[in-house]
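File shown: structure-v3.cif (mmCIF, C-alpha atoms).
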```cif
data_my_file
loop_
_atom_site.label_atom_id
_atom_site.label_comp_id
_atom_site.auth_asym_id
_atom_site.auth_seq_id
_atom_site.Cartn_x
_atom_site.Cartn_y
_atom_site.Cartn_z
CA MET A 1 64.25 78.90 111.02
CA ASN A 2 66.91 77.97 113.55
CA SER A 3 66.09 79.91 116.67
CA THR A 4 69.38 79.40 118.52
CA TYR A 5 70.72 82.76 119.61
CA HIS A 6 74.35 83.69 119.07
CA GLN A 7 75.58 86.93 120.60
CA GLY A 8 71.97 88.06 120.91
CA THR A 9 70.93 87.32 117.31
CA CYS A 10 69.54 84.19 115.71
CA SER A 11 72.24 82.01 114.19
CA ARG A 12 71.14 82.49 110.58
CA CYS A 13 71.41 86.27 110.83
CA TYR A 14 74.65 86.00 112.78
CA GLU A 15 76.35 84.17 109.90
CA LEU A 16 74.99 86.59 107.33
CA PHE A 17 76.17 89.65 109.20
CA LYS A 18 79.49 88.15 110.23
CA ALA A 19 80.45 87.81 106.58
CA LYS A 20 79.41 91.40 105.85
CA VAL A 21 81.28 92.80 108.85
CA GLU A 22 84.41 90.83 108.02
CA GLN A 23 84.43 92.14 104.45
CA CYS A 24 83.97 95.71 105.64
CA ASN A 25 86.67 95.34 108.28
CA GLU A 26 89.02 93.71 105.80
CA ASP A 27 88.83 96.74 103.49
CA LEU A 28 89.29 99.24 106.32
CA ASN A 29 92.08 97.21 107.91
CA ALA A 30 93.92 96.93 104.60
CA LYS A 31 93.70 100.71 104.27
CA LEU A 32 94.98 101.09 107.84
CA ALA A 33 97.87 98.71 107.21
CA PHE A 34 98.77 100.70 104.10
CA LEU A 35 98.81 104.03 105.96
CA THR A 36 100.56 102.79 109.11
CA MET A 37 104.28 103.40 109.42
CA PRO A 38 106.58 101.45 111.71
CA GLN A 39 108.59 103.24 114.39
CA PRO A 40 110.75 105.52 112.25
CA THR A 41 114.21 104.34 111.36
CA SER A 42 115.06 106.14 108.14
CA PHE A 43 114.94 109.70 106.80
CA SER A 44 114.33 111.04 110.30
CA ASP A 45 114.70 114.85 110.53
CA VAL A 46 113.98 115.38 114.24
CA VAL A 47 114.67 113.60 117.53
CA LEU A 48 112.75 113.72 120.79
CA PHE A 49 114.23 113.30 124.27
CA ALA A 50 112.55 112.55 127.56
CA ASP A 51 113.72 115.12 130.07
CA ASP A 52 116.04 112.89 132.07
CA HIS A 53 117.20 110.64 129.24
CA ASP A 54 119.46 112.71 127.04
CA GLU A 55 121.29 109.57 126.02
CA TYR A 56 118.22 107.92 124.39
CA PRO A 57 116.97 109.87 121.37
CA VAL A 58 113.62 108.87 119.85
CA PRO A 59 113.86 109.58 116.10
CA ALA A 60 110.86 110.95 114.20
CA HIS A 61 109.77 113.04 111.20
CA LYS A 62 108.65 116.65 111.50
CA ALA A 63 105.89 116.07 108.94
CA ILE A 64 104.33 113.25 110.97
CA LEU A 65 104.60 115.03 114.33
CA ALA A 66 103.11 118.21 112.85
CA ASN A 67 100.28 116.26 111.24
CA ARG A 68 99.27 114.47 114.44
CA SER A 69 99.71 117.22 117.05
CA PRO A 70 98.82 120.91 116.57
CA VAL A 71 101.11 121.78 119.49
CA LEU A 72 104.11 120.04 117.93
CA ARG A 73 103.16 121.67 114.59
CA ALA A 74 103.33 125.11 116.19
CA MET A 75 106.73 124.32 117.73
CA LEU A 76 108.11 123.06 114.41
CA ASP A 77 106.44 125.56 112.07
CA ASN A 78 107.45 128.74 113.82
CA GLU A 79 111.19 128.33 113.66
CA MET A 80 111.33 127.91 117.42
CA LYS A 81 114.50 126.35 118.74
CA GLU A 82 112.97 122.87 118.28
CA SER A 83 112.66 123.34 114.54
CA LEU A 84 116.08 124.88 114.08
CA SER A 85 117.92 122.31 116.17
CA GLY A 86 115.81 119.32 115.11
CA THR A 87 115.53 118.40 118.79
CA ILE A 88 112.43 118.38 120.99
CA LYS A 89 112.69 117.99 124.78
CA ILE A 90 109.59 116.53 126.39
CA GLY A 91 109.31 117.34 130.08
CA ASP A 92 107.82 115.25 132.92
CA VAL A 93 107.69 111.99 131.02
CA SER A 94 109.45 108.62 131.21
CA TYR A 95 111.46 107.30 128.27
CA ASP A 96 109.02 104.40 127.84
CA ALA A 97 106.02 106.73 127.70
CA LEU A 98 107.76 108.98 125.16
CA ARG A 99 108.55 105.99 122.93
CA ALA A 100 104.96 104.76 123.20
CA PHE A 101 103.69 108.28 122.44
CA VAL A 102 105.81 108.66 119.30
CA ASN A 103 104.97 105.14 118.18
CA TYR A 104 101.26 105.93 118.56
CA LEU A 105 101.62 108.95 116.30
CA TYR A 106 102.84 106.57 113.57
CA THR A 107 100.61 103.55 114.13
CA ALA A 108 97.58 104.52 116.30
CA GLU A 109 98.48 101.42 118.33
CA VAL A 110 99.71 101.04 121.90
CA CYS A 111 99.72 98.26 124.45
CA LEU A 112 98.50 99.95 127.64
CA ASP A 113 98.66 99.33 131.34
CA GLN A 114 97.15 101.71 133.89
CA LYS A 115 100.42 103.57 134.55
CA LEU A 116 101.26 104.06 130.86
CA ALA A 117 97.67 105.09 130.09
CA CYS A 118 97.87 107.84 132.71
CA GLU A 119 101.25 109.09 131.42
CA LEU A 120 99.96 109.11 127.83
CA LEU A 121 96.77 110.86 128.88
CA VAL A 122 98.79 113.75 130.28
CA MET A 123 100.95 113.87 127.12
CA SER A 124 97.97 113.65 124.76
CA GLU A 125 96.33 116.52 126.64
CA LYS A 126 99.49 118.65 126.54
CA TYR A 127 100.17 118.00 122.84
CA GLN A 128 96.48 117.88 121.83
CA VAL A 129 96.44 114.40 120.36
CA GLN A 130 92.70 113.81 120.73
CA HIS A 131 92.67 110.28 119.27
CA LEU A 132 95.19 109.05 121.83
CA LYS A 133 93.39 110.91 124.62
CA ASP A 134 90.08 109.19 123.77
CA PHE A 135 91.81 105.81 123.56
CA CYS A 136 93.50 106.17 126.96
CA GLN A 137 90.37 107.53 128.62
CA LYS A 138 88.39 104.51 127.42
CA PHE A 139 91.13 102.19 128.71
CA VAL A 140 91.27 103.80 132.14
CA VAL A 141 87.47 103.78 132.47
CA SER A 142 87.24 100.12 131.45
CA ASN A 143 89.96 99.21 133.97
CA LEU A 144 88.37 100.97 136.91
CA ASN A 145 87.87 98.78 139.98
CA LEU A 146 87.41 99.26 143.68
CA ASP A 147 91.14 99.06 144.33
CA ASN A 148 92.18 101.79 141.93
CA SER A 149 89.00 103.91 142.03
CA LEU A 150 90.20 106.52 144.53
CA SER A 151 93.68 106.95 143.05
CA THR A 152 92.21 107.12 139.53
CA TYR A 153 89.65 109.67 140.68
CA THR A 154 92.41 111.77 142.24
CA PHE A 155 94.48 111.61 139.05
CA ALA A 156 91.52 112.44 136.78
CA HIS A 157 90.48 115.30 139.04
CA GLN A 158 93.96 116.79 138.95
CA HIS A 159 93.93 116.91 135.12
CA ASN A 160 90.18 117.41 134.67
CA PHE A 161 89.54 114.26 132.60
CA LYS A 162 85.75 114.45 132.74
CA PRO A 163 84.73 110.94 131.49
CA ILE A 164 87.11 109.31 134.02
CA ILE A 165 85.93 111.55 136.86
CA ASP A 166 82.32 110.59 136.12
CA ALA A 167 83.01 106.85 135.82
CA ALA A 168 85.14 106.79 138.99
CA LEU A 169 82.52 108.75 140.94
CA THR A 170 79.81 106.30 139.86
CA LEU A 171 81.89 103.36 141.07
CA ILE A 172 82.97 105.07 144.30
CA THR A 173 79.53 106.29 145.32
CA ALA A 174 78.14 102.78 144.73
CA SER A 175 80.65 101.31 147.20
CA MET A 176 81.11 104.03 149.81
CA ASP A 177 80.75 101.57 152.71
CA LYS A 178 83.58 99.32 151.46
CA LEU A 179 85.95 102.19 150.68
CA ALA A 180 86.02 103.98 154.04
CA SER A 181 87.89 101.10 155.70
CA ARG A 182 90.73 101.03 153.17
CA ASP A 183 94.23 102.48 153.55
CA VAL A 184 93.89 104.44 150.34
CA TYR A 185 90.90 106.25 151.87
CA THR A 186 92.90 107.21 154.96
CA GLU A 187 95.78 108.42 152.82
CA LEU A 188 93.48 110.56 150.68
CA LYS A 189 91.82 111.97 153.81
CA GLU A 190 95.20 113.21 154.99
CA ARG A 191 96.48 114.40 151.62
CA ASP A 192 93.38 115.99 150.11
CA PRO A 193 90.34 116.16 152.37
CA GLY A 194 88.64 118.56 149.93
CA LEU A 195 88.53 115.83 147.30
CA LEU A 196 86.88 113.42 149.74
CA LEU A 197 84.31 116.08 150.52
CA GLU A 198 83.45 116.33 146.82
CA ILE A 199 82.92 112.58 146.75
CA TYR A 200 80.52 112.74 149.70
CA GLU A 201 78.68 115.65 148.10
CA ALA A 202 78.35 113.66 144.85
CA TYR A 203 77.05 110.69 146.84
CA PHE A 204 74.29 112.67 148.51
CA SER A 205 73.37 114.66 145.44
CA LYS A 206 72.94 111.29 143.62
CA ARG A 207 70.74 109.96 146.45
CA ALA A 208 68.64 113.10 146.36
CA ASN A 209 67.99 112.57 142.64
CA MET B 1 59.35 88.16 117.23
CA ASN B 2 59.01 90.42 114.23
CA SER B 3 59.75 88.30 111.20
CA THR B 4 60.08 91.12 108.65
CA TYR B 5 63.30 90.68 106.72
CA HIS B 6 65.65 93.56 106.14
CA GLN B 7 68.64 93.02 103.87
CA GLY B 8 68.19 89.26 104.29
CA THR B 9 68.00 89.21 108.10
CA CYS B 10 65.11 89.54 110.48
CA SER B 11 64.54 93.10 111.62
CA ARG B 12 65.48 92.51 115.25
CA CYS B 13 68.90 91.12 114.35
CA TYR B 14 69.36 93.80 111.72
CA GLU B 15 69.09 96.55 114.30
CA LEU B 16 71.42 94.73 116.73
CA PHE B 17 74.10 94.19 114.13
CA LYS B 18 73.73 97.62 112.55
CA ALA B 19 74.71 99.20 115.87
CA LYS B 20 77.72 96.90 116.23
CA VAL B 21 78.92 97.48 112.69
CA GLU B 22 78.53 101.24 113.03
CA GLN B 23 80.55 101.27 116.25
CA CYS B 24 83.27 99.13 114.68
CA ASN B 25 83.39 101.30 111.55
CA GLU B 26 83.45 104.45 113.62
CA ASP B 27 86.53 103.22 115.52
CA LEU B 28 88.34 102.13 112.36
CA ASN B 29 87.43 105.34 110.52
CA ALA B 30 88.65 107.49 113.41
CA LYS B 31 91.95 105.59 113.32
CA LEU B 32 92.14 106.11 109.55
CA ALA B 33 91.44 109.82 109.91
CA PHE B 34 94.17 110.06 112.53
CA LEU B 35 96.77 108.33 110.32
CA THR B 36 95.83 110.07 107.07
CA MET B 37 97.96 113.02 105.98
CA PRO B 38 96.84 115.68 103.53
CA GLN B 39 98.78 116.31 100.33
CA PRO B 40 102.16 117.35 101.75
CA THR B 41 102.82 121.03 102.10
CA SER B 42 105.37 121.34 104.88
CA PHE B 43 108.70 119.73 105.82
CA SER B 44 108.94 118.18 102.35
CA ASP B 45 112.41 116.72 101.61
CA VAL B 46 111.87 115.40 98.08
CA VAL B 47 109.99 116.47 94.94
CA LEU B 48 108.63 114.35 92.10
CA PHE B 49 108.26 115.44 88.48
CA ALA B 50 106.24 113.92 85.67
CA ASP B 51 108.55 113.45 82.71
CA ASP B 52 107.23 116.29 80.58
CA HIS B 53 106.31 118.68 83.38
CA ASP B 54 109.56 119.95 84.85
CA GLU B 55 107.78 123.14 85.86
CA TYR B 56 105.30 121.42 88.22
CA PRO B 57 107.00 119.77 91.18
CA VAL B 58 104.94 117.47 93.43
CA PRO B 59 106.37 117.79 96.97
CA ALA B 60 106.61 114.74 99.23
CA HIS B 61 108.51 113.15 102.11
CA LYS B 62 111.14 110.45 101.61
CA ALA B 63 109.90 108.59 104.70
CA ILE B 64 106.35 108.30 103.33
CA LEU B 65 107.40 107.33 99.80
CA ALA B 66 109.81 104.71 101.16
CA ASN B 67 107.15 103.32 103.49
CA ARG B 68 104.54 102.90 100.76
CA SER B 69 106.67 101.70 97.83
CA PRO B 70 109.59 99.28 98.04
CA VAL B 71 110.82 100.52 94.66
CA LEU B 72 110.91 104.15 95.81
CA ARG B 73 112.53 102.95 99.05
CA ALA B 74 115.35 101.31 97.07
CA MET B 75 115.85 104.47 95.00
CA LEU B 76 115.99 106.64 98.13
CA ASP B 77 117.89 104.28 100.43
CA ASN B 78 120.79 103.49 98.18
CA GLU B 79 122.12 106.96 97.66
CA MET B 80 121.09 106.86 94.05
CA LYS B 81 120.89 110.23 92.33
CA GLU B 82 117.23 110.55 93.47
CA SER B 83 118.24 110.49 97.11
CA LEU B 84 121.18 112.84 96.74
CA SER B 85 119.32 115.41 94.65
CA GLY B 86 115.96 115.07 96.43
CA THR B 87 114.34 114.83 93.01
CA ILE B 88 112.55 111.86 91.44
CA LYS B 89 111.61 111.84 87.75
CA ILE B 90 108.64 109.62 86.94
CA GLY B 91 108.54 108.55 83.30
CA ASP B 92 105.53 107.91 81.06
CA VAL B 93 102.96 109.53 83.28
CA SER B 94 100.74 112.61 83.14
CA TYR B 95 101.03 115.32 85.79
CA ASP B 96 97.47 114.58 86.98
CA ALA B 97 98.23 110.88 87.45
CA LEU B 98 101.45 111.66 89.33
CA ARG B 99 99.59 114.00 91.70
CA ALA B 100 96.87 111.40 92.26
CA PHE B 101 99.53 108.73 92.83
CA VAL B 102 101.40 110.77 95.45
CA ASN B 103 98.15 111.81 97.11
CA TYR B 104 97.14 108.14 97.34
CA LEU B 105 100.37 107.32 99.13
CA TYR B 106 99.34 109.81 101.83
CA THR B 107 95.61 109.19 102.05
CA ALA B 108 94.71 105.84 100.42
CA GLU B 109 92.02 107.82 98.61
CA VAL B 110 91.55 108.68 94.94
CA CYS B 111 88.62 109.69 92.76
CA LEU B 112 88.98 107.46 89.69
CA ASP B 113 87.81 107.44 86.11
CA GLN B 114 88.74 104.72 83.63
CA LYS B 115 91.69 106.66 82.17
CA LEU B 116 93.19 107.60 85.55
CA ALA B 117 92.66 104.05 86.88
CA CYS B 118 94.67 102.64 83.96
CA GLU B 119 97.50 105.16 84.44
CA LEU B 120 97.62 104.46 88.19
CA LEU B 121 97.55 100.71 87.58
CA VAL B 122 100.71 100.98 85.50
CA MET B 123 102.36 103.18 88.14
CA SER B 124 101.32 100.94 91.04
CA GLU B 125 102.75 97.94 89.20
CA LYS B 126 106.03 99.74 88.45
CA TYR B 127 106.45 101.06 92.01
CA GLN B 128 104.91 98.01 93.70
CA VAL B 129 102.11 99.77 95.54
CA GLN B 130 99.88 96.71 95.95
CA HIS B 131 97.05 98.49 97.80
CA LEU B 132 96.60 100.98 94.96
CA LYS B 133 96.90 98.21 92.36
CA ASP B 134 94.10 96.20 94.02
CA PHE B 135 91.94 99.31 94.27
CA CYS B 136 92.37 100.25 90.60
CA GLN B 137 91.86 96.67 89.40
CA LYS B 138 88.55 96.48 91.29
CA PHE B 139 87.49 99.80 89.79
CA VAL B 140 88.32 98.78 86.21
CA VAL B 141 86.57 95.41 86.62
CA SER B 142 83.44 97.04 88.07
CA ASN B 143 83.37 99.55 85.19
CA LEU B 144 83.67 97.00 82.42
CA ASN B 145 80.96 97.23 79.76
CA LEU B 146 80.49 96.16 76.18
CA ASP B 147 81.84 99.46 74.86
CA ASN B 148 85.15 99.36 76.72
CA SER B 149 85.60 95.59 76.98
CA LEU B 150 87.95 95.14 74.01
CA SER B 151 90.14 98.15 74.77
CA THR B 152 90.29 97.21 78.45
CA TYR B 153 91.19 93.65 77.53
CA THR B 154 93.96 94.90 75.25
CA PHE B 155 95.32 97.17 78.00
CA ALA B 156 95.18 94.45 80.68
CA HIS B 157 96.80 91.93 78.35
CA GLN B 158 99.67 94.30 77.61
CA HIS B 159 100.47 94.67 81.33
CA ASN B 160 99.32 91.21 82.43
CA PHE B 161 96.66 92.36 84.93
CA LYS B 162 95.11 88.92 85.46
CA PRO B 163 91.84 89.80 87.28
CA ILE B 164 90.99 92.36 84.57
CA ILE B 165 91.90 89.95 81.75
CA ASP B 166 89.61 87.30 83.26
CA ALA B 167 86.68 89.67 83.85
CA ALA B 168 86.99 91.22 80.37
CA LEU B 169 87.19 87.80 78.72
CA THR B 170 84.05 86.67 80.55
CA LEU B 171 82.15 89.72 79.30
CA ILE B 172 83.54 89.51 75.76
CA THR B 173 82.91 85.79 75.28
CA ALA B 174 79.33 86.26 76.52
CA SER B 175 78.70 88.89 73.80
CA MET B 176 80.79 87.71 70.85
CA ASP B 177 77.95 88.20 68.35
CA LYS B 178 77.47 91.87 69.29
CA LEU B 179 81.17 92.72 69.29
CA ALA B 180 82.16 91.53 65.83
CA SER B 181 80.15 94.32 64.16
CA ARG B 182 81.81 97.13 66.09
CA ASP B 183 84.54 99.48 64.88
CA VAL B 184 86.70 98.66 67.87
CA TYR B 185 86.70 95.02 66.74
CA THR B 186 87.84 95.96 63.24
CA GLU B 187 90.59 98.17 64.64
CA LEU B 188 91.84 95.42 66.93
CA LYS B 189 91.77 92.93 64.06
CA GLU B 190 94.12 95.17 62.09
CA ARG B 191 96.36 96.13 65.01
CA ASP B 192 96.66 92.86 66.92
CA PRO B 193 95.05 89.84 65.27
CA GLY B 194 96.87 87.53 67.73
CA LEU B 195 94.90 89.00 70.60
CA LEU B 196 91.61 88.41 68.79
CA LEU B 197 92.65 84.82 68.22
CA GLU B 198 93.17 84.37 71.95
CA ILE B 199 89.67 85.67 72.56
CA TYR B 200 88.20 83.16 70.10
CA GLU B 201 90.21 80.37 71.70
CA ALA B 202 88.94 81.38 75.16
CA TYR B 203 85.39 81.40 73.79
CA PHE B 204 85.61 77.85 72.43
CA SER B 205 87.51 76.50 75.40
CA LYS B 206 84.70 77.89 77.61
CA ARG B 207 82.04 76.27 75.41
CA ALA B 208 83.90 72.97 75.55
CA ASN B 209 83.81 73.06 79.36
#
```

Take the structure in the file and write it out as structure tokens.
Amino acid sequence: MNSTYHQGTCSRCYELFKAKVEQCNEDLNAKLAFLTMPQPTSFSDVVLFADDHDEYPVPAHKAILANRSPVLRAMLDNEMKESLSGTIKIGDVSYDALRAFVNYLYTAEVCLDQKLACELLVMSEKYQVQHLKDFCQKFVVSNLNLDNSLSTYTFAHQHNFKPIIDAALTLITASMDKLASRDVYTELKERDPGLLLEIYEAYFSKRAN
Amino acid sequence: MNSTYHQGTCSRCYELFKAKVEQCNEDLNAKLAFLTMPQPTSFSDVVLFADDHDEYPVPAHKAILANRSPVLRAMLDNEMKESLSGTIKIGDVSYDALRAFVNYLYTAEVCLDQKLACELLVMSEKYQVQHLKDFCQKFVVSNLNLDNSLSTYTFAHQHNFKPIIDAALTLITASMDKLASRDVYTELKERDPGLLLEIYEAYFSKRAN
């Protein structure tokens, strides 16, 4: 038996499993492709607007919005002004984030950067789109580094995104000595000293355990 | 290293890969669940009727129908009477098959038996829903047996479903001696002797190779 290891398994098993996984993924991906819709262009019965961008409507379908977000369903079901007018205004969001949000409701796909992930996290929380929230949380956690750790922690704390808070705290408390000399630390100290105190408390509670 | 084999791989690799496959499937299945819609109940803008069942409308959404079937898209896009009236009549189909067909367009799921699979095959061909066609063809092929081989072959031949024709022919030509004494053979001989001739030709061409 060939004992070369490939991704942690011996090469013979790797080939065997690769074929099985590919077949399984092929079936699931074909199903996904079948159920995915492109950004809506036809038969739209509702449009969304980002607060400050009245001139750029994002077309959609009530049925899709209601299926993916219980909050949007409630707005559309209950003959609120959104349902009657066929227009939904989304506050505190950029046009790009709104487009990405609506596109995600149709495709479960989005190309993220840190800024977009944070905007979409807030939207997914507000409109209760759990799948998008999980996806963005994973992205933000996997993109944590020393440079963005304090700002990410501040953001997550503000909205109570627990998995991000925990991951950021782990990173921060492991590098306390490097952080204290940075500008971002000084800024946070001035803006929100209480938050810094929580970080120190977490550091010492971790050491005590 | 434990050399016990499990599903053709050594047990250590099996456990490693099992975890990876499960994680991958979990992600894909969560995406599928997010994109799947239940049988439509709200915001419907079109209804379908099976030819002989005017009293049982099947509600749907133009956007979904158009996304899943290029034929339905053409009917709805081009301001044909279906689009203007919001009503689509589906000929030569039972009410149960129509419901299953529409449900499949929303969920990519259907619980098949041989009869339903054949009805849906004809519909998926007519409305060019390739994913459903592939699914039904696989089902019919995997349910082929000596009892249904001749009738399935006849059905597949009539609609030119190549994978089913091939699979049925393989089964039939491997059991020619058992088939000739059956009632279904006698019936086919009377109804369509040309088809039986093709079977005999396939049998001898296979023997020659």

Would you kindly report the residues of chain B within 10 Å of chain A, using only C-alpha atoms, as a compact mmCIF listing (two decimals) with C-alpha atoms, keeping the file's coordinate frame?
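Contents of the output file iface-v2.txt:
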```txt
# COMPACT_ATOMS: atom_id res chain seq x y z
CA GLN B 7 68.64 93.02 103.87
CA GLY B 8 68.19 89.26 104.29
CA THR B 9 68.00 89.21 108.10
CA CYS B 10 65.11 89.54 110.48
CA SER B 11 64.54 93.10 111.62
CA ARG B 12 65.48 92.51 115.25
CA CYS B 13 68.90 91.12 114.35
CA TYR B 14 69.36 93.80 111.72
CA GLU B 15 69.09 96.55 114.30
CA LEU B 16 71.42 94.73 116.73
CA PHE B 17 74.10 94.19 114.13
CA LYS B 18 73.73 97.62 112.55
CA LYS B 20 77.72 96.90 116.23
CA VAL B 21 78.92 97.48 112.69
CA GLU B 22 78.53 101.24 113.03
CA CYS B 24 83.27 99.13 114.68
CA ASN B 25 83.39 101.30 111.55
CA ASP B 27 86.53 103.22 115.52
CA LEU B 28 88.34 102.13 112.36
CA ASN B 29 87.43 105.34 110.52
CA ALA B 30 88.65 107.49 113.41
CA LYS B 31 91.95 105.59 113.32
CA LEU B 32 92.14 106.11 109.55
CA ALA B 33 91.44 109.82 109.91
CA PHE B 34 94.17 110.06 112.53
CA LEU B 35 96.77 108.33 110.32
CA THR B 36 95.83 110.07 107.07
CA MET B 37 97.96 113.02 105.98
CA PRO B 38 96.84 115.68 103.53
CA PRO B 40 102.16 117.35 101.75
CA THR B 41 102.82 121.03 102.10
CA SER B 42 105.37 121.34 104.88
CA PHE B 43 108.70 119.73 105.82
CA SER B 44 108.94 118.18 102.35
CA ASP B 45 112.41 116.72 101.61
CA ALA B 60 106.61 114.74 99.23
CA HIS B 61 108.51 113.15 102.11
CA LYS B 62 111.14 110.45 101.61
CA ALA B 63 109.90 108.59 104.70
CA ILE B 64 106.35 108.30 103.33
CA ALA B 66 109.81 104.71 101.16
CA ASN B 67 107.15 103.32 103.49
CA ARG B 68 104.54 102.90 100.76
CA ARG B 73 112.53 102.95 99.05
CA LEU B 76 115.99 106.64 98.13
CA ASP B 77 117.89 104.28 100.43
CA TYR B 104 97.14 108.14 97.34
CA LEU B 105 100.37 107.32 99.13
CA TYR B 106 99.34 109.81 101.83
CA THR B 107 95.61 109.19 102.05
CA ALA B 108 94.71 105.84 100.42
CA GLU B 109 92.02 107.82 98.61
CA VAL B 129 102.11 99.77 95.54
CA GLN B 130 99.88 96.71 95.95
CA HIS B 131 97.05 98.49 97.80
CA LEU B 132 96.60 100.98 94.96
```

Report task. Would you mind reading off the distance between CA of His53 (chain A) and CA of Ile88 (chain A), one decimal, in Å? Result ->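 Separation of CA of His53 (chain A) and CA of Ile88 (chain A): 12.3 Å.
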
Requested in this report: Calculate how many Å separate CA of Cys136 (chain B) from CA of Ala100 (chain B), rounding to one decimal.
Outcome: 12.1 Å

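What separates CA of Ala74 (chain A) from CA of Asp51 (chain A) is a distance of 20.0 Å.
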
Requested in this report: Evaluate the PyMOL selection byres ((chain A and resi 150) around 10) on the structure here and hand back the selected residues as number ranges by chain.
Outcome: A: 144-149, 151-156, 168-169, 171-172, 179, 184-185, 188, 195-196, 199

Query raised in the report: From the set A:Asp134, A:Ala167, A:Ser205, A:Leu72, which residue has the shortest atom-to-atom contact distance to Val102 (chain A), counting only C-alpha atoms?
Result: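 The closest residue to Val102 (chain A) is A:Leu72.
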
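Here the PyMOL selection byres ((chain B and resi 112) around 12) catches exactly these residues: B:Asp96, B:Ala97, B:Ala100, B:Phe101, B:Tyr104, B:Glu109, B:Val110, B:Cys111, B:Asp113, B:Gln114, B:Lys115, B:Leu116, B:Ala117, B:Cys118, B:Glu119, B:Leu120, B:Leu121, B:Leu132, B:Phe135, B:Cys136, B:Gln137, B:Lys138, B:Phe139, B:Val140, B:Ser142, B:Asn143.
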
Query raised in the report: When the PyMOL selection byres ((chain B and resi 47) around 7) is applied to the file above, which residues end up in the set, as a list in words?
Result: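 Selection result, ordered by chain and number: Val46, Leu48, Phe49, Pro57, Val58, Pro59, Ala60, Gly86, Thr87 and Ile88 of chain B.
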
Box time for region 56-69 of chain B: axis-aligned, enclosing all its listed atoms, 8 Å extra on each side; report centre and edge lengths in Å to one decimal, as AutoDock Vina command-line options.
```
--center_x 107.8 --center_y 111.6 --center_z 96.5 --size_x 22.6 --size_y 35.7 --size_z 32.5
```

Just add N, CA and C atoms to region 74-88 of chain B and send it as a PDB file, in the frame of the given file.
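Below is the file that was written, part29.pdb:
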```pdb
ATOM      1  N   ALA B  74     114.029 101.707  97.595  1.00  0.00           N
ATOM      2  CA  ALA B  74     115.350 101.310  97.070  1.00  0.00           C
ATOM      3  C   ALA B  74     116.046 102.505  96.414  1.00  0.00           C
ATOM      4  N   MET B  75     115.266 103.299  95.672  1.00  0.00           N
ATOM      5  CA  MET B  75     115.850 104.470  95.000  1.00  0.00           C
ATOM      6  C   MET B  75     116.374 105.472  96.031  1.00  0.00           C
ATOM      7  N   LEU B  76     115.635 105.626  97.143  1.00  0.00           N
ATOM      8  CA  LEU B  76     115.990 106.640  98.130  1.00  0.00           C
ATOM      9  C   LEU B  76     117.035 106.152  99.130  1.00  0.00           C
ATOM     10  N   ASP B  77     116.974 104.856  99.436  1.00  0.00           N
ATOM     11  CA  ASP B  77     117.890 104.280 100.430  1.00  0.00           C
ATOM     12  C   ASP B  77     119.329 104.227  99.936  1.00  0.00           C
ATOM     13  N   ASN B  78     119.466 103.888  98.662  1.00  0.00           N
ATOM     14  CA  ASN B  78     120.790 103.490  98.180  1.00  0.00           C
ATOM     15  C   ASN B  78     121.632 104.623  97.623  1.00  0.00           C
ATOM     16  N   GLU B  79     121.362 105.794  98.119  1.00  0.00           N
ATOM     17  CA  GLU B  79     122.120 106.960  97.660  1.00  0.00           C
ATOM     18  C   GLU B  79     122.221 107.044  96.148  1.00  0.00           C
ATOM     19  N   MET B  80     121.137 106.646  95.491  1.00  0.00           N
ATOM     20  CA  MET B  80     121.090 106.860  94.050  1.00  0.00           C
ATOM     21  C   MET B  80     120.874 108.358  93.839  1.00  0.00           C
ATOM     22  N   LYS B  81     120.946 108.775  92.570  1.00  0.00           N
ATOM     23  CA  LYS B  81     120.890 110.230  92.330  1.00  0.00           C
ATOM     24  C   LYS B  81     119.602 110.858  92.882  1.00  0.00           C
ATOM     25  N   GLU B  82     118.496 110.031  92.945  1.00  0.00           N
ATOM     26  CA  GLU B  82     117.230 110.550  93.470  1.00  0.00           C
ATOM     27  C   GLU B  82     117.362 110.991  94.930  1.00  0.00           C
ATOM     28  N   SER B  83     118.111 110.179  95.702  1.00  0.00           N
ATOM     29  CA  SER B  83     118.240 110.490  97.110  1.00  0.00           C
ATOM     30  C   SER B  83     119.129 111.706  97.311  1.00  0.00           C
ATOM     31  N   LEU B  84     120.225 111.751  96.577  1.00  0.00           N
ATOM     32  CA  LEU B  84     121.180 112.840  96.740  1.00  0.00           C
ATOM     33  C   LEU B  84     120.589 114.176  96.286  1.00  0.00           C
ATOM     34  N   SER B  85     119.847 114.148  95.173  1.00  0.00           N
ATOM     35  CA  SER B  85     119.320 115.410  94.650  1.00  0.00           C
ATOM     36  C   SER B  85     117.977 115.778  95.270  1.00  0.00           C
ATOM     37  N   GLY B  86     117.304 114.798  95.901  1.00  0.00           N
ATOM     38  CA  GLY B  86     115.960 115.070  96.430  1.00  0.00           C
ATOM     39  C   GLY B  86     114.950 115.265  95.322  1.00  0.00           C
ATOM     40  N   THR B  87     115.221 114.683  94.163  1.00  0.00           N
ATOM     41  CA  THR B  87     114.340 114.830  93.010  1.00  0.00           C
ATOM     42  C   THR B  87     114.100 113.468  92.355  1.00  0.00           C
ATOM     43  N   ILE B  88     112.854 113.133  92.108  1.00  0.00           N
ATOM     44  CA  ILE B  88     112.550 111.860  91.440  1.00  0.00           C
ATOM     45  C   ILE B  88     111.777 112.159  90.166  1.00  0.00           C
TER      46      ILE B  88
END
```
